[in-house]
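Notes to accompany the following structure.
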Amino acid sequence: MRSALWLILLVHTVAQAAPADAQCDQTLCWQIAPVVCIANQKSDSCQLDFRLSWQHPEPISLCAELEGLSLHCWQQQTSGELSYQAQIEGSAQLLLRSDGHPRLSRELSVLSRQPARKRRLVAPWSVF
Amino acid sequence: MTIPRPICETMLFLLPGSGHDAKVPTFTAAQAQIMMLRALYFILVVLGVTTPVHADCTDSKTQEPCVATDQWQINLAIGAGFRSNPLYGGHNFPLWLMPDISYYGEHWFFDNATLGYSWQLHDDIQLSLVSRLNEEKGYFHRRSAVNLFEPQFISSMGVAGPVQKVAMKQELSVAEADKRPLALDGGLQLDWFLPGLQLKLNWWHDISQQYDGQHLRLAASSGWQSQFGHWQLGVALAWKDQHLMNTYYGLNASEGEGLEYRALASWQPEISLHWQYPLTERWQLLSVWRHRWLNTDVEVPAGIGRIQSPLLQESTAHSWFIGFSYRFL
C-alpha cells in the first residue's frame, strides 16, 4: 500500500516537472499546455485554460491567434507568455504569426469521457 | 360487404380469436370498424403516455438504438417464448435463451448475424453494404414428415374464386424438405433517422446462387420512453420475388405427386413491439412480440386459381418472448 502511494507520488511529481511539448520553427519555439479538453460528450462545448510560452534568440514581434481571433501580440521581445480561457467545440487551431506569416500552429481538441456512440442499424434481439 | 384482402391481413392481429384457420378471411363492415377503433385506441394509449426518443446518440442516457463504438455489446436474455413454425409438421422454435450481439467500428459492423459496412451520407442518412444468411431455411430445419395433402387445409373458396380441392395424400420427407437450400444474401441498406422515427429500406440478393432471386423490405420503427419502460413499435413490408418463394414454398412434380405447384411473388406485412424495463444497470425486463403475414400463394396446377402453399399449415408466423436480459459488456 505504502509503495503504491510512493509510486503515485513519483508519477505525479514527474508529470508536474515535465515541460510541455516544445514545437519549433527554426529558432522560434513554443510550448502549450494543456492541448486537450475533457467533456462529457465529444460534441459538448468545453472550457480549456491553457498556457502558452515562446522563446526566440533575437527580439521578434509575434501575435497569437485562436481560430482567427487575435489573443495577444508581443513587440520586439525574445520570449513571451500567455494564459487564456478558450471555449472549444470539437477542435480549434492556435496560431503564432510573425509579420503576418504563420510560424507555428497547434490544434486544441475536445475529448469525451464517454465512448463514442453510433446509431444501431439492426433491430435489437432480431436473431429470433 | 367484404374488405379487400390486404386490409384484412393488416388487421388480423386485432381479430378476436381468429385462430389459425383464417386462411381466407372476410369481414363485415361492422367488424372492420371495431378493429379500426381498437387499433386507434391501442395507438393512442401507447403514444399518449409516452415521449418519443430522439436517436441522435449524443445523449449518453439514450439507450436505444445507440451503441458504443469499437467495443462488443453482448446481451443475453433468459425467459420463455417461442417462434412459430408455419410449416406442416413444423415444430415451434422454443426461446429460452436469446443473444443480442453487436460490434460497431467506424465503418464495419456486426449486428445479430448481419455483417455490414456503412457510410454516413448525411447527418441522418446512412448507406450500408450488408450480408447475412437468408432466414427462410430456418423453418425447414425443425420439421417432421407429414401428410401434406389433407383436405382440411384446402378451402373451396380461394382468394381468386373457386379452387380445385386436393384430396391426395403424400408424405414429404424431412430429407426432401431439407433440399431447401441455405442461402447467403447480400445487399444494400438505407437508414433514414427522423425525429422519433427510423426508416429502413433493404434490398437483398442471393449471392450464393441458391435461389437466384431477391427481396426488398421497407421498415419503420419508433421508440418511446414512458414510466413503464422503453417501447419500440415497428412495422415492415417485405416483397419476395417468385424465385425465392418458389424455391422454398413451391412443390415440384415429384413432391406434388406429379403436379407442380409454382409459388408466386409475395408481399409480407409485419408488426413488432419491443418493451424493456431497466431493473439495475445491467439487468432489464424484456418482452418481444412479432407477427408476420406470409402470403405464400401457389398456382393451382390446373391453372384455375391460387391457394396457399401446401407446405404451410398457417398463413402467419409469430414470435414472442418475455424474460430478463443481462448486459455483459
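Going through the C-alpha cells in order, the chains are called A, B, and so on, while each chain numbers its residues from 1 and the ligands are numbered from 1 in the order shown.
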Strand (DSSP E or B) residues, from DSSP on the backbone, in segment 84-313 of chain B, as a PyMOL selection string: chain B and resi 87+90+93-94+97-104+108-111+114-122+125-133+143+146-147+157-158+161-162+171-172+184-194+197-206+214-226+229-240+251+261+263+266-278+283-293+297-299+306-308+312
Mind dumping a table of every chain A residue within 8 Å of chain B, with the nearest atom pair and its distance in Å to one decimal, using only C-alpha atoms, sorted by chain and rising number, as a tab-separated table?
```
residue	atom	partner	partner_atom	distance
A:Gln41	CA	B:Thr58	CA	7.1
A:Ser43	CA	B:Thr58	CA	7.3
A:Gln114	CA	B:Ser60	CA	7.6
A:Pro115	CA	B:Ala68	CA	5.9
A:Ala116	CA	B:Ala68	CA	5.6
A:Arg117	CA	B:Ala68	CA	4.2
A:Lys118	CA	B:Cys66	CA	5.4
A:Arg119	CA	B:Cys66	CA	4.5
A:Arg120	CA	B:Pro65	CA	5.1
A:Leu121	CA	B:Asp191	CA	7.3
A:Val122	CA	B:Asp111	CA	6.2
A:Ala123	CA	B:Pro65	CA	7.9
A:Pro124	CA	B:Asp100	CA	6.4
A:Trp125	CA	B:Asp100	CA	5.1
A:Ser126	CA	B:Asn112	CA	6.5
A:Val127	CA	B:Asn112	CA	5.7
A:Phe128	CA	B:Arg83	CA	7.1
```
Output of the above residues as an mmCIF file, in the first residue's frame, restricted to C-alpha atoms:
```cif
data_model
loop_
_atom_site.group_PDB
_atom_site.id
_atom_site.type_symbol
_atom_site.label_atom_id
_atom_site.label_comp_id
_atom_site.auth_asym_id
_atom_site.auth_seq_id
_atom_site.Cartn_x
_atom_site.Cartn_y
_atom_site.Cartn_z
ATOM 1 C CA GLN A 41 -19.585 14.242 -24.868
ATOM 2 C CA SER A 43 -19.933 17.297 -29.162
ATOM 3 C CA GLN A 114 -17.929 8.680 -22.744
ATOM 4 C CA PRO A 115 -17.118 6.247 -25.557
ATOM 5 C CA ALA A 116 -18.325 7.412 -28.958
ATOM 6 C CA ARG A 117 -21.797 6.165 -29.772
ATOM 7 C CA LYS A 118 -23.434 5.291 -33.067
ATOM 8 C CA ARG A 119 -26.902 4.572 -34.232
ATOM 9 C CA ARG A 120 -27.687 0.904 -34.352
ATOM 10 C CA LEU A 121 -28.580 -0.307 -37.854
ATOM 11 C CA VAL A 122 -30.143 -3.674 -36.996
ATOM 12 C CA ALA A 123 -33.047 -4.154 -34.609
ATOM 13 C CA PRO A 124 -32.063 -5.370 -31.137
ATOM 14 C CA TRP A 125 -32.911 -9.017 -30.400
ATOM 15 C CA SER A 126 -33.545 -9.608 -34.104
ATOM 16 C CA VAL A 127 -31.902 -13.057 -34.153
ATOM 17 C CA PHE A 128 -35.176 -14.576 -33.095
#
```
Who sits within 7 Å of segment 66-71 of chain A, only C-alpha atoms, same chain under 2 positions skipped, as a PyMOL selection string: chain A and resi 64+92-95
Residue contacts of segment 79-82 of chain A (6 Å, only C-alpha atoms) excluding same-chain residues fewer than 2 positions away, as a VMD selection string: chain A and resid 51 to 55 77
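Of the residues under consideration (B:Ala219, B:Val298, B:Leu115, B:Ile322), B:Val298 shows the shortest atom-to-atom contact distance to Ser266 of chain B when counting only C-alpha atoms.
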Residue list (alpha helix (DSSP H), DSSP) for segment 12-100 of chain A, as a ChimeraX atom specification: /A:12-17
Non-local contacts of Gly100 of chain A (10 Å; only C-alpha atoms; under 5 positions in same chain excluded) as a list in words: Ser61, Leu62 and Cys63 of chain A
Write the residues you've just listed into a file as a PDB file, in the first residue's frame, and include C-alpha atoms for each of them.
```
ATOM      1  CA  SER A  61       7.226  40.680 -32.935  1.00  0.00           C
ATOM      2  CA  LEU A  62       4.598  37.907 -32.700  1.00  0.00           C
ATOM      3  CA  CYS A  63       0.828  37.536 -32.417  1.00  0.00           C
TER       4      CYS A  63
END
```
Nearby residues (only C-alpha atoms) at most 12 Å from Ala33 of chain A, same-chain spacing under 3 positions excluded, as a list in words: Gln16, Ala18, Pro19, Ala20, Asp21, Ala22, Gln23, Trp30, Val36, Cys37, Leu48, Asp49, Phe50, Arg51, Leu52, Ser53, Glu81, Leu82, Ser83, Tyr84, Gln85, Leu94, Arg106, Glu107, Leu108 and Ser109 of chain A
Output for the residues just chosen: C-alpha atoms as an mmCIF file, in the first residue's frame:
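And here is the file that came out, selection-v1.cif:
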```
data_model
loop_
_atom_site.group_PDB
_atom_site.id
_atom_site.type_symbol
_atom_site.label_atom_id
_atom_site.label_comp_id
_atom_site.auth_asym_id
_atom_site.auth_seq_id
_atom_site.Cartn_x
_atom_site.Cartn_y
_atom_site.Cartn_z
ATOM 1 C CA GLN A 16 4.380 18.109 -12.951
ATOM 2 C CA ALA A 18 7.942 17.548 -17.282
ATOM 3 C CA PRO A 19 7.909 20.521 -19.618
ATOM 4 C CA ALA A 20 5.104 20.827 -22.121
ATOM 5 C CA ASP A 21 5.981 19.514 -25.572
ATOM 6 C CA ALA A 22 8.002 22.142 -27.385
ATOM 7 C CA GLN A 23 7.452 22.892 -31.057
ATOM 8 C CA TRP A 30 6.728 27.474 -28.191
ATOM 9 C CA VAL A 36 -6.959 18.736 -24.869
ATOM 10 C CA CYS A 37 -10.160 19.476 -23.034
ATOM 11 C CA LEU A 48 -9.840 24.951 -21.861
ATOM 12 C CA ASP A 49 -7.498 27.000 -19.636
ATOM 13 C CA PHE A 50 -4.199 26.791 -21.460
ATOM 14 C CA ARG A 51 -0.807 28.458 -21.028
ATOM 15 C CA LEU A 52 1.379 29.433 -23.959
ATOM 16 C CA SER A 53 5.053 30.394 -23.820
ATOM 17 C CA GLU A 81 3.771 34.041 -22.036
ATOM 18 C CA LEU A 82 0.029 33.961 -22.207
ATOM 19 C CA SER A 83 -2.712 32.313 -20.160
ATOM 20 C CA TYR A 84 -6.097 32.100 -21.804
ATOM 21 C CA GLN A 85 -9.526 30.586 -21.228
ATOM 22 C CA LEU A 94 -3.958 28.026 -32.238
ATOM 23 C CA ARG A 106 -1.248 23.614 -32.790
ATOM 24 C CA GLU A 107 -4.680 22.018 -32.617
ATOM 25 C CA LEU A 108 -6.621 22.203 -29.377
ATOM 26 C CA SER A 109 -9.223 19.442 -29.181
#
```
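Atom CA of Ser315 of chain B lies 6.9 Å from atom CA of Pro86 of chain B.
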